[in-house]
Amino acid sequence: MATITAGNDGYTGGGTTSWSGIHDADSAKGNVWNGTHADIAVQTRHVSGTTYIVQRTFMDFDTSGISEAPSSAYLSIWGKANDNADVIVIKGTQTAYNASTYNEFEGWQSGWDNTHVTAYSDKYENWSLLSVNQIDLNSTALSDIASLDTFKIAIITHDYEYLNTAPTLSNNYLIGMYYNAAVDSSKHPKLVTTDAGYSNN
């Protein structure tokens with residue numbers, strides 16, 4: 001079993017007057033990287049008439065020491081402050097961490113949805129506050145953990161961003177989490193893998 005703490009992490013996001021304008025944007029208005037936590041780390045909101053807000057979390061993990069696909073893996077992320085969104089983990093492509101990271105995930109394009117991006121997990125429901133969230137990763141993620149020196153992810157809302165469905169007015173979907181600079185190291189985001197077993201011969 002290997003436990004790898006996130007190298008870079010943080011969030012980026014913004015708002016505009018149309019759902020497509022913020023969902024498909026190629027950069028964000030705000031971003032915070034390698035901090036202690038965010039009360040709002042991932043969100044989708046429709047506020048004050050035609051204003052839509054989206055925020056995404058990105059992370060990377062050094063997997064250069066893993067050459068064989070693990071038999072299983074999960075993300076260990078401590079929740080904080082907000083817990084009213086269902087999320088999904090998708091494949092990130094970020095090369096730097098700034099406002100432009102906002103659209104750096106595989107499959108981004110105008111009008112993108114679940115048919116364009118690469119999912120690394122199923123829909124994760126029931127985000128937990130002040131306790132750990134264990135997000136199981138799928139076989140695509142397991143393969144990439146072995147083949148990539150840096151395993152990159154984005155965490156987004158499932159029912160709205162991933163499915164490209166605009167939220168209704170006055171409904172706020174958001175979660176909070178701890179990041180890699182949290183004072184308590186036990187709350188740092190981690191990738192936990194289980195080595196592939198060997199059959200009897």
# chains A, B, ... in the order shown; residues from 1 in each chain; ligands from 1
call {"tool": "residues_around", "arguments": {"residues": "Ala196 in chain A", "least_positions_apart": "5", "cutoff": "7 Å", "atoms": "only C-alpha atoms", "output": "list in words"}}
result
Ala69, Pro70 and Ser71 of chain A
call {"tool": "write_last_selection", "arguments": {"atoms": "all heavy atoms", "output": "mmCIF file, in the first residue's frame"}}
result
data_model
loop_
_atom_site.group_PDB
_atom_site.id
_atom_site.type_symbol
_atom_site.label_atom_id
_atom_site.label_comp_id
_atom_site.auth_asym_id
_atom_site.auth_seq_id
_atom_site.Cartn_x
_atom_site.Cartn_y
_atom_site.Cartn_z
ATOM 1 N N ALA A 69 -0.235 -0.988 -12.311
ATOM 2 C CA ALA A 69 -1.544 -0.512 -11.883
ATOM 3 C C ALA A 69 -1.926 -1.142 -10.545
ATOM 4 O O ALA A 69 -1.870 -2.368 -10.402
ATOM 5 C CB ALA A 69 -2.599 -0.822 -12.932
ATOM 6 N N PRO A 70 -2.289 -0.335 -9.560
ATOM 7 C CA PRO A 70 -2.709 -0.908 -8.282
ATOM 8 C C PRO A 70 -4.024 -1.661 -8.423
ATOM 9 O O PRO A 70 -4.780 -1.453 -9.378
ATOM 10 C CB PRO A 70 -2.864 0.327 -7.378
ATOM 11 C CG PRO A 70 -3.078 1.465 -8.327
ATOM 12 C CD PRO A 70 -2.327 1.128 -9.568
ATOM 13 N N SER A 71 -4.304 -2.520 -7.468
ATOM 14 C CA SER A 71 -5.563 -3.263 -7.513
ATOM 15 C C SER A 71 -6.740 -2.389 -7.110
ATOM 16 O O SER A 71 -7.876 -2.651 -7.509
ATOM 17 C CB SER A 71 -5.481 -4.493 -6.605
ATOM 18 O OG SER A 71 -5.246 -4.111 -5.262
#
call {"tool": "residues_around", "arguments": {"residues": "Asp9 in chain A", "least_positions_apart": "5", "cutoff": "7 Å", "atoms": "only C-alpha atoms", "output": "PyMOL selection string"}}
result
chain A and resi 33-34+58-60+179-180
call {"tool": "closest_residue", "arguments": {"among": "A:Gly14, A:Ser147, A:Thr193, A:Asn133", "to": "Ala73 in chain A", "atoms": "only C-alpha atoms"}}
result
A:Thr193
call {"tool": "residues_around", "arguments": {"residues": "Asp39 in chain A", "least_positions_apart": "2", "cutoff": "6 Å", "atoms": "only C-alpha atoms", "output": "ChimeraX atom specification"}}
result
/A:80-81,176
call {"tool": "write_last_selection", "arguments": {"atoms": "all heavy atoms", "output": "PDB file, in the first residue's frame"}}
result
ATOM      1  N   LYS A  80     -14.808  20.194   5.028  1.00  0.00           N
ATOM      2  CA  LYS A  80     -14.861  21.365   5.896  1.00  0.00           C
ATOM      3  C   LYS A  80     -15.992  22.296   5.472  1.00  0.00           C
ATOM      4  O   LYS A  80     -16.142  22.590   4.298  1.00  0.00           O
ATOM      5  CB  LYS A  80     -13.535  22.125   5.886  1.00  0.00           C
ATOM      6  CG  LYS A  80     -13.460  23.196   6.975  1.00  0.00           C
ATOM      7  CD  LYS A  80     -12.139  23.922   6.961  1.00  0.00           C
ATOM      8  CE  LYS A  80     -11.978  24.786   8.208  1.00  0.00           C
ATOM      9  NZ  LYS A  80     -13.089  25.741   8.388  1.00  0.00           N
ATOM     10  N   ALA A  81     -16.773  22.735   6.419  1.00  0.00           N
ATOM     11  CA  ALA A  81     -17.692  23.879   6.312  1.00  0.00           C
ATOM     12  C   ALA A  81     -18.971  23.636   5.521  1.00  0.00           C
ATOM     13  O   ALA A  81     -20.039  23.983   5.988  1.00  0.00           O
ATOM     14  CB  ALA A  81     -16.972  25.109   5.773  1.00  0.00           C
ATOM     15  N   GLY A 176     -16.713  22.083   1.103  1.00  0.00           N
ATOM     16  CA  GLY A 176     -15.429  22.602   1.551  1.00  0.00           C
ATOM     17  C   GLY A 176     -14.476  21.457   1.837  1.00  0.00           C
ATOM     18  O   GLY A 176     -14.894  20.317   2.051  1.00  0.00           O
TER      19      GLY A 176
END
call {"tool": "residues_around", "arguments": {"residues": "range 184-188 of chain A", "least_positions_apart": "5", "cutoff": "12 Å", "atoms": "only C-alpha atoms", "output": "list in words"}}
result
Thr3, Ile4, Thr5, Ala6, Gly7, Asn8, Asp9, Gly10, Asn34, Gly35, Thr36, His37, Met59, Phe61, Leu75, Ser76, Ile77, Trp78, Gly79, Lys80, Leu130, Ser131, Val132, Asn133, Met177, Tyr178 and Tyr179 of chain A
call {"tool": "write_last_selection", "arguments": {"atoms": "N, CA and C atoms", "output": "PDB file, in the first residue's frame"}}
result
ATOM      1  N   THR A   3       0.764   5.596   0.216  1.00  0.00           N
ATOM      2  CA  THR A   3      -0.012   6.793   0.532  1.00  0.00           C
ATOM      3  C   THR A   3       0.771   7.995   0.052  1.00  0.00           C
ATOM      4  N   ILE A   4       0.196   8.763  -0.861  1.00  0.00           N
ATOM      5  CA  ILE A   4       0.874   9.891  -1.492  1.00  0.00           C
ATOM      6  C   ILE A   4       0.095  11.164  -1.194  1.00  0.00           C
ATOM      7  N   THR A   5       0.741  12.132  -0.581  1.00  0.00           N
ATOM      8  CA  THR A   5       0.102  13.413  -0.268  1.00  0.00           C
ATOM      9  C   THR A   5       0.090  14.298  -1.505  1.00  0.00           C
ATOM     10  N   ALA A   6      -0.962  15.070  -1.663  1.00  0.00           N
ATOM     11  CA  ALA A   6      -1.075  15.975  -2.811  1.00  0.00           C
ATOM     12  C   ALA A   6       0.126  16.910  -2.885  1.00  0.00           C
ATOM     13  N   GLY A   7       0.646  17.105  -4.095  1.00  0.00           N
ATOM     14  CA  GLY A   7       1.740  18.040  -4.297  1.00  0.00           C
ATOM     15  C   GLY A   7       1.228  19.459  -4.396  1.00  0.00           C
ATOM     16  N   ASN A   8       0.504  19.753  -5.459  1.00  0.00           N
ATOM     17  CA  ASN A   8      -0.163  21.039  -5.628  1.00  0.00           C
ATOM     18  C   ASN A   8      -1.665  20.828  -5.497  1.00  0.00           C
ATOM     19  N   ASP A   9      -2.335  21.778  -4.903  1.00  0.00           N
ATOM     20  CA  ASP A   9      -3.789  21.713  -4.848  1.00  0.00           C
ATOM     21  C   ASP A   9      -4.367  23.101  -4.613  1.00  0.00           C
ATOM     22  N   GLY A  10      -5.665  23.209  -4.820  1.00  0.00           N
ATOM     23  CA  GLY A  10      -6.333  24.485  -4.629  1.00  0.00           C
ATOM     24  C   GLY A  10      -7.539  24.596  -5.533  1.00  0.00           C
ATOM     25  N   ASN A  34      -2.459  25.890  -2.888  1.00  0.00           N
ATOM     26  CA  ASN A  34      -1.592  25.411  -1.817  1.00  0.00           C
ATOM     27  C   ASN A  34      -1.840  26.132  -0.495  1.00  0.00           C
ATOM     28  N   GLY A  35      -3.115  26.277  -0.169  1.00  0.00           N
ATOM     29  CA  GLY A  35      -3.515  26.878   1.092  1.00  0.00           C
ATOM     30  C   GLY A  35      -3.847  25.813   2.124  1.00  0.00           C
ATOM     31  N   THR A  36      -4.390  26.258   3.247  1.00  0.00           N
ATOM     32  CA  THR A  36      -4.722  25.330   4.321  1.00  0.00           C
ATOM     33  C   THR A  36      -6.074  24.660   4.104  1.00  0.00           C
ATOM     34  N   HIS A  37      -7.040  25.415   3.611  1.00  0.00           N
ATOM     35  CA  HIS A  37      -8.386  24.874   3.409  1.00  0.00           C
ATOM     36  C   HIS A  37      -9.213  25.872   2.612  1.00  0.00           C
ATOM     37  N   MET A  59      -5.862  18.991  -8.117  1.00  0.00           N
ATOM     38  CA  MET A  59      -4.783  18.411  -7.309  1.00  0.00           C
ATOM     39  C   MET A  59      -3.868  17.581  -8.193  1.00  0.00           C
ATOM     40  N   PHE A  61      -0.585  14.415  -7.775  1.00  0.00           N
ATOM     41  CA  PHE A  61       0.111  13.466  -6.906  1.00  0.00           C
ATOM     42  C   PHE A  61       1.294  12.874  -7.658  1.00  0.00           C
ATOM     43  N   LEU A  75      -9.079   8.425  -3.050  1.00  0.00           N
ATOM     44  CA  LEU A  75      -8.676   9.722  -2.532  1.00  0.00           C
ATOM     45  C   LEU A  75      -9.201   9.868  -1.120  1.00  0.00           C
ATOM     46  N   SER A  76      -8.369  10.367  -0.238  1.00  0.00           N
ATOM     47  CA  SER A  76      -8.751  10.642   1.142  1.00  0.00           C
ATOM     48  C   SER A  76      -8.746  12.160   1.329  1.00  0.00           C
ATOM     49  N   ILE A  77      -9.931  12.755   1.466  1.00  0.00           N
ATOM     50  CA  ILE A  77     -10.057  14.209   1.540  1.00  0.00           C
ATOM     51  C   ILE A  77     -10.932  14.582   2.730  1.00  0.00           C
ATOM     52  N   TRP A  78     -10.401  15.432   3.587  1.00  0.00           N
ATOM     53  CA  TRP A  78     -11.163  15.877   4.750  1.00  0.00           C
ATOM     54  C   TRP A  78     -12.109  17.012   4.363  1.00  0.00           C
ATOM     55  N   GLY A  79     -13.356  16.865   4.749  1.00  0.00           N
ATOM     56  CA  GLY A  79     -14.350  17.885   4.466  1.00  0.00           C
ATOM     57  C   GLY A  79     -14.301  19.028   5.469  1.00  0.00           C
ATOM     58  N   LYS A  80     -14.808  20.194   5.028  1.00  0.00           N
ATOM     59  CA  LYS A  80     -14.861  21.365   5.896  1.00  0.00           C
ATOM     60  C   LYS A  80     -15.992  22.296   5.472  1.00  0.00           C
ATOM     61  N   LEU A 130     -15.897  17.697   8.515  1.00  0.00           N
ATOM     62  CA  LEU A 130     -14.987  17.450   9.623  1.00  0.00           C
ATOM     63  C   LEU A 130     -14.679  15.967   9.827  1.00  0.00           C
ATOM     64  N   SER A 131     -14.702  15.239   8.730  1.00  0.00           N
ATOM     65  CA  SER A 131     -14.266  13.841   8.727  1.00  0.00           C
ATOM     66  C   SER A 131     -13.786  13.522   7.315  1.00  0.00           C
ATOM     67  N   VAL A 132     -13.217  12.345   7.159  1.00  0.00           N
ATOM     68  CA  VAL A 132     -12.595  12.030   5.884  1.00  0.00           C
ATOM     69  C   VAL A 132     -13.625  11.526   4.882  1.00  0.00           C
ATOM     70  N   ASN A 133     -13.443  11.925   3.627  1.00  0.00           N
ATOM     71  CA  ASN A 133     -14.234  11.418   2.510  1.00  0.00           C
ATOM     72  C   ASN A 133     -13.334  10.501   1.692  1.00  0.00           C
ATOM     73  N   MET A 177     -13.174  21.765   1.854  1.00  0.00           N
ATOM     74  CA  MET A 177     -12.177  20.718   2.113  1.00  0.00           C
ATOM     75  C   MET A 177     -10.879  21.320   2.618  1.00  0.00           C
ATOM     76  N   TYR A 178     -10.066  20.462   3.218  1.00  0.00           N
ATOM     77  CA  TYR A 178      -8.713  20.834   3.616  1.00  0.00           C
ATOM     78  C   TYR A 178      -7.751  20.557   2.461  1.00  0.00           C
ATOM     79  N   TYR A 179      -6.680  21.391   2.410  1.00  0.00           N
ATOM     80  CA  TYR A 179      -5.665  21.264   1.370  1.00  0.00           C
ATOM     81  C   TYR A 179      -4.306  20.887   1.966  1.00  0.00           C
TER      82      TYR A 179
END
call {"tool": "select_by_dssp", "arguments": {"residues": "range 107-171 of chain A", "states": "helix (DSSP H, G or I)", "output": "PyMOL selection string"}}
result
chain A and resi 139-147+158-162
call {"tool": "atom_distance", "arguments": {"atom1": "CA of Trp127 in chain A", "atom2": "CA of Asp83 in chain A"}}
result
5.2 Å
call {"tool": "select_by_dssp", "arguments": {"residues": "chain A", "states": "strand (DSSP E)", "output": "ChimeraX atom specification"}}
result
/A:2-5,9-16,30-33,37-47,51-62,72-83,87-91,132-136,150-157,172-178,190-194
